[in-house]
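What follows is a set of notes on a single structure, which appears directly below.
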Amino acid sequence: MELKLLSHFPPRSPFHPPASSSPAPAIVRASPVLLQLRSSARDCVFFSGGVSSSVRRSRYYASSCVSCVARLSASPSPLLDLRQDLEGCISETQSISTMYIKLDCPASIKSQLAKLFEVSLRATVPDEPDVVPLIDACVAKSGVKFADYQCNNAMSLWAKIKGKQTEFRNPQQIGQAIMKNLPPSEMIESCSVAGPGFVNIVLSKKWIAQILQRMMIDGIDSWSARLPVKRVMVDFSSPNIAKEMHVGHLRSTIIGDTLARMLEFCQVESLIRRNHLGDWGTQFGMLIAHLFEKFPNPEDVSEAAIGDLQAFYKASKVRFDNDPEFKYTAQQSVVKLQSGDPKYLKAWQQICDISKAEFEKVYQRLGVRLEAMGESFFNPYIPDVLEKLDKLGLIEESDGARVILYRLNVEKLEWNIYVTDVGQWQHFDMLYKAFRRAGWLPKDEKEFPICTHIGFGLVLGDDGKRFRSRSSEVVRLVDLLDEAKRRCKAALLERENAKDWTEEEIEKTSEAIGYGAVKYADLKINRLTNYTFNFDQMLNDKGNTAVYLLYAHARVCSIIRKSGKDIEELKR
C-alpha cells in the first residue's frame, strides 16, 4: 500500500462515514441451539441452516440436537468439543480460561472439574495457594481414548517445590496425592494416574444421563455460559473481490461461523459477524481498465454480461503482465479510483456488487450470516493512524513505502476475534504488540478490550499438499459443495425407498447431508492441525461423521413419532 496514493483520498469520499456518526454494529440476538440444526426432509437435519422461531422454542428439538453433537453413541461421554474449543480460544487469550466462563455453567465440564481439583490442590500443596487447575480434554491416540479429561498440574508443581522440604519425591507422587485428595463427586466414575503424574478422569455415564435429562426439562438455555462482555466481533471468511471463494476460505468460514453461533448461545448482547473483504488495492486498476475496454457503455455491465468473474480477473492479469500500454492505463486507473473519480468509483462498485452476490450464494448454502466491511472503509482513517504510529516510532521504511496493516477499533468492541490460518499468527502478534505500545490496547493482556487470533491448519489433498483440482487450480468452494451434494444424491437414489420420495425431498436431503458432512469433517478435528480432504470418509455412514449423526437423529425422531407420545408429557 503506497501512502502517496492513499493520501489523495478525499475526506468526503463515499467510503468516509458521516462526521456525526460511527459505524453501526450488526446486533444479532442469541440463539439457544448450539449448531442451529433444523429439521429437513425425512427427519434429517441441516447442520448449516437457520431455525424457525417455533423450533427455537422447542426444548425437545434443542435437546436432541445437542445430544447428537455430544455423540452419545460414538464416545463414552458427551464431550461438547465445540464448547471446549471456545474455552480453548479463551485460554489462548488468558491462561485461566474459567475467568470468562461462569463456573456453575452445567455445560462447562472443564469448569466443574476445575472446581473439584482446586479443592484437591489446596489440600495437596497448601503452601502454593496460587496454583490454578490445569484441566484438558483427552484426545484419542491411534483411535484409543483412555479417559475423558486430565489434570496436568503435577509436573509444573514439582518444578516449583523441588528442593524444598516436601513429602513428595517426584511428580508421580504429586499426581497420586491430587487424586487421593479429590472430594467425592457424582460426575467422576474413576480416576487413575499415568506417566509423570497425569491424573486421568473418566466421567460417570449415570451423571451424564442425569444432566442431559435435566437439560431436556429445563431447556437448552440453562446450559448457556455467561461472558462478562457485551460487544464481541468475530472476523472470518474474508474473500477477495473479483476472485471466487475457494477451498482456502472453507475453514475460516466454518470455524468463524461456529464460534459466532457459540457466542450467540452464550447470549452476548451484541455480536458482529464481520467479513473483511479485500475490496481495495492496485489490482482494481487492471480490472477497471479491462472493464472499460470490454464494456465502453457502463450500462451494459452486469453479472450476466461479465460471466465468470474469475476468468475476467485472469484475462485482465494477462493483459497487465504482457501489455505495457494496458499496464500504464491500469496504473492511472488506480490513481483515479483512489482520488475519488466518480466514473472509476462506479466501475469499482459494479465489480464489488457482482462479487458480493456470488459470495452470498455460498454463504446461503452454508447457512452463514455476515456483515461485510471491506478494506476501503478504513481508508479515511489511515493518515491519522500512521501519523500517531510514526510519532511512537512504530513504522519502518521498506522500499520507499511505509507499510502497516491497519485495523482501528472504532466500535468500542470488548473482544475482537480474528479467524485466519496459523501462518498469519506472527502478523497478528506484532500488530497487537504495536497496538499496546500505541495505547490502543491495555498493556495487561488480561484486561479488556482483548484481541484474539484463532488460527487453523490447512486443507490438504491426498498428496499431502494444498488441496487443488487435477488441473492444479485451487478448488472452488462452489464446486466442492456441488460435489458433496451430488454424491449424497447418488447414494440416496440407490436406496429402495427412494421412489417414495419427491424430487424436492431428495434435493433438500442431499443438501442437508452433503453440506453438513463438509462442515462436520472440518469441525471434528483439532483446528490447529492440517487435514486431508476426503469425500469418502466424510460421507461414510459409520463412525464419527455427520452422516452417522444425522442418521441417529432421524432414527430418534422416527421412534418418537411412531410412539404416538407427547414429548412434554414424557419429560414430566
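Labels used: A, B, ... for chains in the order of the C-alpha cells, numbers from 1 for residues in each chain, and numbers from 1 for ligands as shown.
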- Message: Set the distance at 8 Å and use only C-alpha atoms: which residues neighbour range 450-463 of chain A once local chain neighbours fewer than 6 positions away are removed? I'd like the list as a PyMOL selection string.
- Response: chain A and resi 89+92-93+247-248+251-252+414-425+428+432+441+527-534
- Can you work out the spacing between CA of Lys230 in chain A and CA of Glu269 in chain A in Å, to one decimal? 4.9 Å
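Interatomic distance, CA of Pro183 in chain A to CA of Val119 in chain A: 7.2 Å.
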- Task: Could you find all residues in range 305-457 of chain A that DSSP calls strand (DSSP E) from the backbone, and write them as a PyMOL selection string?
- Result: chain A and resi 371-372+397-398+401-402+415-419+450-454
- Could you check how far CA of Ala242 in chain A sits from CA of Ala315 in chain A, in Å to one decimal?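 CA of Ala242 in chain A sits 11.8 Å away from CA of Ala315 in chain A.
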- Point out the residue among A:Phe378, A:Phe535, A:Phe448, A:Phe435 with the least atom-to-atom distance to Asp279 in chain A, counting only C-alpha atoms. A:Phe378
- Task: Between A:Leu389, A:Gly514, A:Asp522, A:Ala347, single out the one closest to Asp541 in chain A, counting only C-alpha atoms.
- Result: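 The closest residue to Asp541 in chain A is A:Gly514.
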- Item | Counting only C-alpha atoms, the residue of A:Asp300, A:Leu523, A:Pro324, A:Ser510 that sits nearest Leu259 in chain A |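 Closest to Leu259 in chain A, using only C-alpha atoms: A:Leu523.
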- Query: For Pro296 in chain A, which residue among A:Arg365, A:Lys343, A:Lys180, A:Lys562 is the nearest when counting only C-alpha atoms?
  - Reply: A:Lys343
- Message: as a ChimeraX atom specification, please: every residue in range 231-454 of chain A that DSSP puts in helix (DSSP H, G or I).
- Response: /A:247-265,283-294,298-300,303-306,309-322,324-338,342-366,375-391,422-438
Would you save the residues of that selection, restricted to C-alpha atoms, as a short mmCIF file (atom, residue, chain, number, x, y, z; two decimals), in the first residue's frame?
data_model
loop_
_atom_site.label_atom_id
_atom_site.label_comp_id
_atom_site.auth_asym_id
_atom_site.auth_seq_id
_atom_site.Cartn_x
_atom_site.Cartn_y
_atom_site.Cartn_z
CA VAL A 247 -11.26 -24.22 -0.50
CA GLY A 248 -8.85 -21.91 1.31
CA HIS A 249 -11.85 -19.98 2.65
CA LEU A 250 -13.56 -23.13 3.91
CA ARG A 251 -12.04 -23.40 7.37
CA SER A 252 -12.20 -19.71 8.23
CA THR A 253 -15.86 -19.59 7.22
CA ILE A 254 -16.89 -22.75 9.08
CA ILE A 255 -14.84 -22.19 12.24
CA GLY A 256 -15.69 -18.49 12.41
CA ASP A 257 -19.41 -19.15 11.97
CA THR A 258 -19.31 -21.86 14.64
CA LEU A 259 -17.60 -19.55 17.14
CA ALA A 260 -20.18 -16.87 16.37
CA ARG A 261 -23.02 -19.34 16.97
CA MET A 262 -21.48 -20.37 20.28
CA LEU A 263 -21.19 -16.75 21.36
CA GLU A 264 -24.82 -16.27 20.42
CA PHE A 265 -25.60 -19.30 22.57
CA GLN A 283 -5.45 -4.91 -8.77
CA PHE A 284 -8.61 -2.83 -9.25
CA GLY A 285 -6.75 -0.66 -11.73
CA MET A 286 -6.34 -3.51 -14.20
CA LEU A 287 -9.90 -4.75 -13.53
CA ILE A 288 -11.43 -1.34 -14.23
CA ALA A 289 -9.25 -0.78 -17.30
CA HIS A 290 -10.29 -4.19 -18.65
CA LEU A 291 -13.93 -3.43 -17.82
CA PHE A 292 -13.86 -0.15 -19.76
CA GLU A 293 -12.33 -1.86 -22.79
CA LYS A 294 -14.85 -4.68 -22.79
CA PRO A 298 -21.23 1.36 -18.37
CA GLU A 299 -24.94 0.50 -18.62
CA ASP A 300 -24.02 -2.80 -20.29
CA GLU A 303 -23.28 -10.13 -13.72
CA ALA A 304 -24.62 -11.97 -16.76
CA ALA A 305 -22.55 -9.87 -19.17
CA ILE A 306 -19.26 -10.32 -17.32
CA LEU A 309 -15.53 -13.13 -12.69
CA GLN A 310 -12.52 -15.35 -12.01
CA ALA A 311 -11.90 -15.64 -15.78
CA PHE A 312 -12.40 -11.89 -16.09
CA TYR A 313 -9.72 -11.34 -13.43
CA LYS A 314 -7.28 -13.71 -15.13
CA ALA A 315 -7.78 -12.05 -18.50
CA SER A 316 -7.04 -8.61 -17.04
CA LYS A 317 -3.94 -10.01 -15.29
CA VAL A 318 -2.61 -11.43 -18.55
CA ARG A 319 -3.07 -8.04 -20.22
CA PHE A 320 -1.39 -6.31 -17.28
CA ASP A 321 1.65 -8.61 -17.41
CA ASN A 322 2.15 -8.57 -21.18
CA PRO A 324 2.91 -2.18 -21.32
CA GLU A 325 0.29 0.25 -22.61
CA PHE A 326 -2.50 -1.54 -20.78
CA LYS A 327 -0.33 -1.66 -17.65
CA TYR A 328 0.10 2.12 -17.75
CA THR A 329 -3.66 2.59 -18.23
CA ALA A 330 -4.31 0.30 -15.26
CA GLN A 331 -1.91 2.26 -13.06
CA GLN A 332 -3.62 5.51 -13.98
CA SER A 333 -6.96 3.88 -13.20
CA VAL A 334 -5.74 3.18 -9.67
CA VAL A 335 -4.84 6.83 -9.17
CA LYS A 336 -8.21 7.99 -10.46
CA LEU A 337 -10.06 5.46 -8.31
CA GLN A 338 -8.22 6.41 -5.14
CA PRO A 342 -16.99 9.15 -9.93
CA LYS A 343 -16.64 7.14 -13.16
CA TYR A 344 -14.00 4.86 -11.66
CA LEU A 345 -15.80 4.59 -8.34
CA LYS A 346 -18.91 3.41 -10.16
CA ALA A 347 -16.95 0.77 -12.08
CA TRP A 348 -15.30 -0.37 -8.82
CA GLN A 349 -18.73 -0.61 -7.15
CA GLN A 350 -20.10 -2.68 -10.03
CA ILE A 351 -17.26 -5.19 -9.68
CA CYS A 352 -17.75 -5.34 -5.91
CA ASP A 353 -21.51 -5.88 -6.20
CA ILE A 354 -21.09 -8.78 -8.62
CA SER A 355 -18.53 -10.43 -6.32
CA LYS A 356 -20.67 -9.97 -3.22
CA ALA A 357 -23.64 -11.55 -4.96
CA GLU A 358 -21.53 -14.63 -5.73
CA PHE A 359 -20.22 -14.80 -2.16
CA GLU A 360 -23.75 -14.59 -0.79
CA LYS A 361 -24.79 -17.66 -2.78
CA VAL A 362 -22.09 -19.68 -1.00
CA TYR A 363 -22.99 -18.26 2.41
CA GLN A 364 -26.64 -19.12 1.91
CA ARG A 365 -25.77 -22.72 1.11
CA LEU A 366 -23.67 -22.96 4.27
CA GLU A 375 -10.65 -2.56 3.34
CA SER A 376 -11.96 0.53 1.54
CA PHE A 377 -13.99 1.53 4.60
CA PHE A 378 -10.84 2.18 6.62
CA ASN A 379 -9.02 4.33 4.06
CA PRO A 380 -10.04 7.69 5.61
CA TYR A 381 -8.57 6.65 8.96
CA ILE A 382 -5.15 5.63 7.68
CA PRO A 383 -3.31 9.00 7.54
CA ASP A 384 -4.21 9.89 11.13
CA VAL A 385 -3.27 6.43 12.40
CA LEU A 386 0.03 6.43 10.53
CA GLU A 387 0.88 9.83 11.98
CA LYS A 388 0.24 8.58 15.53
CA LEU A 389 2.25 5.42 14.97
CA ASP A 390 5.07 7.36 13.34
CA LYS A 391 5.37 9.62 16.39
CA VAL A 422 -1.94 -20.23 11.54
CA GLY A 423 0.53 -18.76 9.04
CA GLN A 424 -0.67 -15.27 9.95
CA TRP A 425 -0.01 -15.69 13.66
CA GLN A 426 3.19 -13.63 13.63
CA HIS A 427 1.47 -10.75 11.83
CA PHE A 428 -1.29 -10.56 14.42
CA ASP A 429 1.18 -10.93 17.29
CA MET A 430 3.21 -7.97 16.02
CA LEU A 431 0.04 -5.99 15.34
CA TYR A 432 -1.28 -6.48 18.88
CA LYS A 433 2.09 -5.50 20.36
CA ALA A 434 2.09 -2.32 18.27
CA PHE A 435 -1.44 -1.52 19.46
CA ARG A 436 -0.35 -1.96 23.08
CA ARG A 437 2.63 0.34 22.60
CA ALA A 438 0.31 2.87 20.96
#
Name the residues in contact with range 168-173 of chain A at a cut-off of 7 Å, using only C-alpha atoms, excluding same-chain residues fewer than 6 positions from it; report them as a PDB file with N, CA, C and O atoms, in the first residue's frame.
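So the final result, stored in around19.pdb, reads:
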ATOM      1  N   ALA A 154       0.761 -31.845  38.009  1.00  0.00           N
ATOM      2  CA  ALA A 154       1.813 -32.498  38.784  1.00  0.00           C
ATOM      3  C   ALA A 154       3.216 -32.035  38.392  1.00  0.00           C
ATOM      4  O   ALA A 154       4.035 -31.687  39.253  1.00  0.00           O
ATOM      5  N   MET A 155       3.521 -32.025  37.110  1.00  0.00           N
ATOM      6  CA  MET A 155       4.886 -31.697  36.679  1.00  0.00           C
ATOM      7  C   MET A 155       5.242 -30.240  36.968  1.00  0.00           C
ATOM      8  O   MET A 155       6.357 -29.938  37.412  1.00  0.00           O
ATOM      9  N   TRP A 158       5.845 -29.892  40.655  1.00  0.00           N
ATOM     10  CA  TRP A 158       7.129 -30.481  41.052  1.00  0.00           C
ATOM     11  C   TRP A 158       8.279 -29.504  40.758  1.00  0.00           C
ATOM     12  O   TRP A 158       9.210 -29.369  41.554  1.00  0.00           O
ATOM     13  N   PRO A 196       4.170 -39.312  34.392  1.00  0.00           N
ATOM     14  CA  PRO A 196       4.728 -38.498  35.472  1.00  0.00           C
ATOM     15  C   PRO A 196       3.674 -37.660  36.202  1.00  0.00           C
ATOM     16  O   PRO A 196       3.832 -36.453  36.364  1.00  0.00           O
ATOM     17  N   GLY A 197       2.567 -38.291  36.606  1.00  0.00           N
ATOM     18  CA  GLY A 197       1.607 -37.596  37.451  1.00  0.00           C
ATOM     19  C   GLY A 197       0.357 -37.082  36.780  1.00  0.00           C
ATOM     20  O   GLY A 197      -0.394 -36.310  37.381  1.00  0.00           O
TER      21      GLY A 197
END
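Excluding Ile135 in chain A itself and same-chain residues fewer than 2 positions from it, the residues having an atom within 8 Å of it are Lys110, Leu113, Ala114, Pro133, Ala137, Tyr149, Gln150, Cys151 and Asn152 of chain A, counting only C-alpha atoms.
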- Message: So that I can check the surroundings of Thr166 in chain A, please list as a list in words every protein, DNA and RNA residue that reaches within 12 Å of it, counting only C-alpha atoms and ignoring chain neighbours fewer than 6 positions away.
- Response: Thr124, Val125, Pro126, Asp127, Leu157, Trp158, Lys160, Gln173 and Ile174 of chain A
